[in-house]
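Shown next, in structure tokens, is the structure this report addresses.
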Amino acid sequence: MAAKSDLEVDQRKSRYESPLVARYASPEMAYNFSDKKKFTTWRKLWLILAKAQKKVGLNITEEQLTEMETNLETIDFKMAAEEERKRRHDVMAHVYTFAHCCPKAAPIIHLGATSCFVGDNTDLIVLRDAFDIVLPKLARCIHRLSNFAAENKSLPTLGFTHFQPAQLTTVGKRASLWLSDLCMDLRNLTRARDDLRFRGVKGTTGTQASFLTLFDGDAEKVDELDRLVTNLADFKESYIVTGQTYSRKIDVDVLSCLASLGASIHKICTDIRLLANLKELEEPFEKDQIGSSAMPYKRNPMRSERCCSLARHLMTLCMNPLQTLSVQWMERTLDDSANRRICLAEAFLTADIILSTLQNISEGLVVYPKVIERHIQQELPFMASENIIMAMVKAGGSRQDCHEHIRMLSLRRLLM
């Protein structure tokens, strides 16, 4: 057994694995985009469809439903892969695989549905669940940084504009800039999550034609079927209008707010990296952590650097759904499929990673007040210049003349 296990590890190491999963992602987010979740959800949707069709009047037996329910998790992935190689169609491969273990239910599996019934509806479930993973993590980051801001709200520090010393601010006030952006991200992600609807049962071109045929043209029964399926999938509403797929503009909305979150975290972690260079602020640095293989004294802000690196990747991903949306001809083209398999998962995996890392950073930020005070003292004469100008104007001087006079004195002092 040990030898077999070692061989499996060696085989895995001989194939590329995305670092997003192999190195960084949380187990819950990695599972959310796994084949196991995807294909068990397909089976759950086929069961939901059958239950709803029975309730609306189709001749489906309890025995068939029980057989489907018993086999939701018993997926023969080897058989499914063989079927897909033969049929060149992933959904039909799993229809045949499910039917193999549900011989009594086989005649009614996927009845009236198109591939997007399982494909798109599963995507919407997975997106909703992904939001439910990242939103609490974002809220925790906001909470931790709020504590940091409150603890340091009265600690004066140099403000920087153009990364040049400017008027004084406080360490807590600077953190409130980070918090403000993250609160907007929380609003945007919450809104995107709550705006998600179900595709429901819409047929091959969004007209529900196949279901109208099943129910002899009874539109009320088809509408009831759509409502039942939507509710059984734990959605309150379905999209009123679709083509074969739900509009790919939904993906644009989802990834745009994630990209915006990436920009916020990049800004926060860039600030931390700059402040670490000034030795005013430092992210957590563990006892046995090594900053450099060559320079043993270094304390590199590697967590913040990782966030910036991955945030850049997250920010670029929103270009994929934009381009996919723009080239979806008429009711649908399949050139969305391969692209979406990558960008939707990678966006949430990346957001999950950088939020977990930001939480770790925010829980262990170290402030060095003496260094901050030393920097203030070095710049303090210049900090007083604006107040001096206002005092001179109050005494009867011209604001522009006073500004020029103080500017020349300041430059002369800087060049000494």
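Ordering of the structure tokens sets the chain letters (A, B, ...); residue numbers start at 1 within each chain; ligands are numbered from 1 in the order shown.
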Which of range 220-399 of chain A DSSP labels helix (DSSP H, G or I), written as a PyMOL selection string: chain A and resi 220-232+249-277+302-317+319-326+334-363+369-383+385-394+399
Report as a Markdown table: every residue of range 71-126 of chain A with an atom at most 12 Å from range 222-238 of chain A, its closest pair of atoms, and their distance in Å to one decimal, counting only C-alpha atoms, with rows sorted by chain and ascending residue number.
| residue | atom | partner | partner_atom | distance |
| --- | --- | --- | --- | --- |
| A:Gly112 | CA | A:Val222 | CA | 11.1 |
| A:Ala113 | CA | A:Asp226 | CA | 11.8 |
| A:Phe117 | CA | A:Val229 | CA | 10.6 |
| A:Val118 | CA | A:Ala233 | CA | 11.6 |
| A:Asp120 | CA | A:Ser238 | CA | 12.0 |
| A:Asn121 | CA | A:Ala233 | CA | 9.0 |
| A:Thr122 | CA | A:Ala233 | CA | 9.7 |
| A:Leu124 | CA | A:Phe235 | CA | 9.8 |
| A:Ile125 | CA | A:Ala233 | CA | 8.2 |
| A:Val126 | CA | A:Ala233 | CA | 11.7 |
I need the residues from that last selection saved to file as a PDB file, in the first residue's frame (with N, CA, C and O atoms), if you can.
ATOM      1  N   GLY A 112     -36.592  16.355 -21.487  1.00  0.00           N
ATOM      2  CA  GLY A 112     -36.968  17.707 -21.910  1.00  0.00           C
ATOM      3  C   GLY A 112     -35.883  18.742 -21.756  1.00  0.00           C
ATOM      4  O   GLY A 112     -36.064  19.896 -22.161  1.00  0.00           O
ATOM      5  N   ALA A 113     -34.760  18.348 -21.152  1.00  0.00           N
ATOM      6  CA  ALA A 113     -33.721  19.325 -20.806  1.00  0.00           C
ATOM      7  C   ALA A 113     -32.671  19.436 -21.909  1.00  0.00           C
ATOM      8  O   ALA A 113     -32.524  18.550 -22.756  1.00  0.00           O
ATOM      9  N   PHE A 117     -29.244  22.973 -18.893  1.00  0.00           N
ATOM     10  CA  PHE A 117     -30.041  22.802 -17.680  1.00  0.00           C
ATOM     11  C   PHE A 117     -29.147  22.397 -16.526  1.00  0.00           C
ATOM     12  O   PHE A 117     -29.254  22.941 -15.416  1.00  0.00           O
ATOM     13  N   VAL A 118     -28.260  21.408 -16.771  1.00  0.00           N
ATOM     14  CA  VAL A 118     -27.340  21.033 -15.700  1.00  0.00           C
ATOM     15  C   VAL A 118     -26.117  21.940 -15.677  1.00  0.00           C
ATOM     16  O   VAL A 118     -25.644  22.332 -14.607  1.00  0.00           O
ATOM     17  N   ASP A 120     -25.425  25.258 -16.803  1.00  0.00           N
ATOM     18  CA  ASP A 120     -25.569  26.641 -16.328  1.00  0.00           C
ATOM     19  C   ASP A 120     -26.151  26.709 -14.925  1.00  0.00           C
ATOM     20  O   ASP A 120     -25.734  27.530 -14.106  1.00  0.00           O
ATOM     21  N   ASN A 121     -27.149  25.852 -14.649  1.00  0.00           N
ATOM     22  CA  ASN A 121     -27.723  25.884 -13.305  1.00  0.00           C
ATOM     23  C   ASN A 121     -26.703  25.482 -12.253  1.00  0.00           C
ATOM     24  O   ASN A 121     -26.663  26.047 -11.156  1.00  0.00           O
ATOM     25  N   THR A 122     -25.854  24.512 -12.594  1.00  0.00           N
ATOM     26  CA  THR A 122     -24.780  24.140 -11.664  1.00  0.00           C
ATOM     27  C   THR A 122     -23.811  25.291 -11.478  1.00  0.00           C
ATOM     28  O   THR A 122     -23.378  25.584 -10.344  1.00  0.00           O
ATOM     29  N   LEU A 124     -24.424  28.415 -11.592  1.00  0.00           N
ATOM     30  CA  LEU A 124     -25.042  29.422 -10.726  1.00  0.00           C
ATOM     31  C   LEU A 124     -25.032  28.983  -9.264  1.00  0.00           C
ATOM     32  O   LEU A 124     -24.818  29.799  -8.357  1.00  0.00           O
ATOM     33  N   ILE A 125     -25.245  27.703  -9.019  1.00  0.00           N
ATOM     34  CA  ILE A 125     -25.155  27.179  -7.647  1.00  0.00           C
ATOM     35  C   ILE A 125     -23.740  27.323  -7.120  1.00  0.00           C
ATOM     36  O   ILE A 125     -23.515  27.766  -5.982  1.00  0.00           O
ATOM     37  N   VAL A 126     -22.766  26.957  -7.949  1.00  0.00           N
ATOM     38  CA  VAL A 126     -21.358  27.024  -7.536  1.00  0.00           C
ATOM     39  C   VAL A 126     -20.933  28.474  -7.297  1.00  0.00           C
ATOM     40  O   VAL A 126     -20.224  28.771  -6.319  1.00  0.00           O
TER      41      VAL A 126
END
For Val252 in chain A, find every residue with an atom within 12 Å (counting only C-alpha atoms), except residues of its own chain fewer than 3 positions away, and show them as number ranges by chain. A: 192, 246-249, 255-260, 317-326, 340, 343-344, 347
Given only C-alpha atoms as the basis, pick out the residue of A:Val367, A:Phe160, A:Phe39, A:Arg299 nearest to Gly172 in chain A.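 Between A:Val367, A:Phe160, A:Phe39, A:Arg299, the residue approaching Gly172 in chain A most closely is A:Val367.
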Could you list, as a list in words, every residue within 12 Å of Asp35 in chain A, counting only C-alpha atoms and ignoring same-chain residues fewer than 4 positions away?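 What passes the distance filter is Ala30, Tyr31, Phe39, Thr40, Thr41, Trp42, Glu73, Ile75, Asp76, Phe77, Ala80, Ala81, Asp90, His94, Thr122, Val126, Arg341 and Ala345 of chain A.
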List the spatial neighbours of Leu310 in chain A as a list in words - criterion: any atom at most 9 Å away, only C-alpha atoms, same-chain residues fewer than 4 positions off excluded.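 After dropping sequence-adjacent residues, the list is Gly262, His266, Glu305, Arg306, Leu314, Met315, Thr350, Ala351, Ile353 and Ile354 of chain A.
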Of A:Ser115, A:Ser356, A:Gln328, A:Ser176, the one nearest to Tyr24 in chain A when counting only C-alpha atoms is A:Ser356
Restricting the calculation to only C-alpha atoms: of A:Leu411, A:Val393, A:Leu358, A:Ala166, which residue gets closest to Glu379 in chain A? A:Ala166
Could you tell me which of A:Lys394, A:Phe382, A:Thr61, A:Asn147 comes closest to Gln164 in chain A if we count only C-alpha atoms? A:Phe382
Name the closest residue to Leu334 in chain A among the candidates A:Lys55, A:Ile389, A:Arg273, A:Cys116; distances are taken between atoms, counting only C-alpha atoms.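 Residue with the minimum atom-to-atom distance to Leu334 in chain A: A:Cys116.
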Just to confirm, what's the straight-line distance from CA of Leu182 in chain A to CA of Ala149 in chain A in Å (one decimal)?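 Distance between the two atoms: 13.5 Å.
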Of the candidates A:Ser304, A:Thr114, A:Ser34, A:Gln378, which one gets nearest to Gly200 in chain A if we count only C-alpha atoms?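 Selected residue with least distance to Gly200 in chain A: A:Thr114.
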How far is it from CA of Ile376 in chain A to CA of Leu278 in chain A, in Å with one decimal?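 It comes out at 12.2 Å.
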Can you measure CA of Gln167 in chain A to CA of Asn387 in chain A for me? One decimal in Å is fine.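 Answer for the CA of Gln167 in chain A to CA of Asn387 in chain A separation: 10.6 Å.
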Could you give me, as a list of chain:residue names, each residue of range 62-301 of chain A that DSSP assigns to strand (DSSP E or B) when run on this structure's backbone?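 Secondary structure check on range 62-301 of chain A, strand (DSSP E or B): A:Pro156, A:Thr157, A:Leu158, A:Gly159, A:Phe160, A:Thr161, A:Gln164, A:Pro165, A:Ala166, A:Gln167, A:Leu168, A:Thr169, A:Thr170, A:Phe198, A:Ser238, A:Leu281, A:Glu282.
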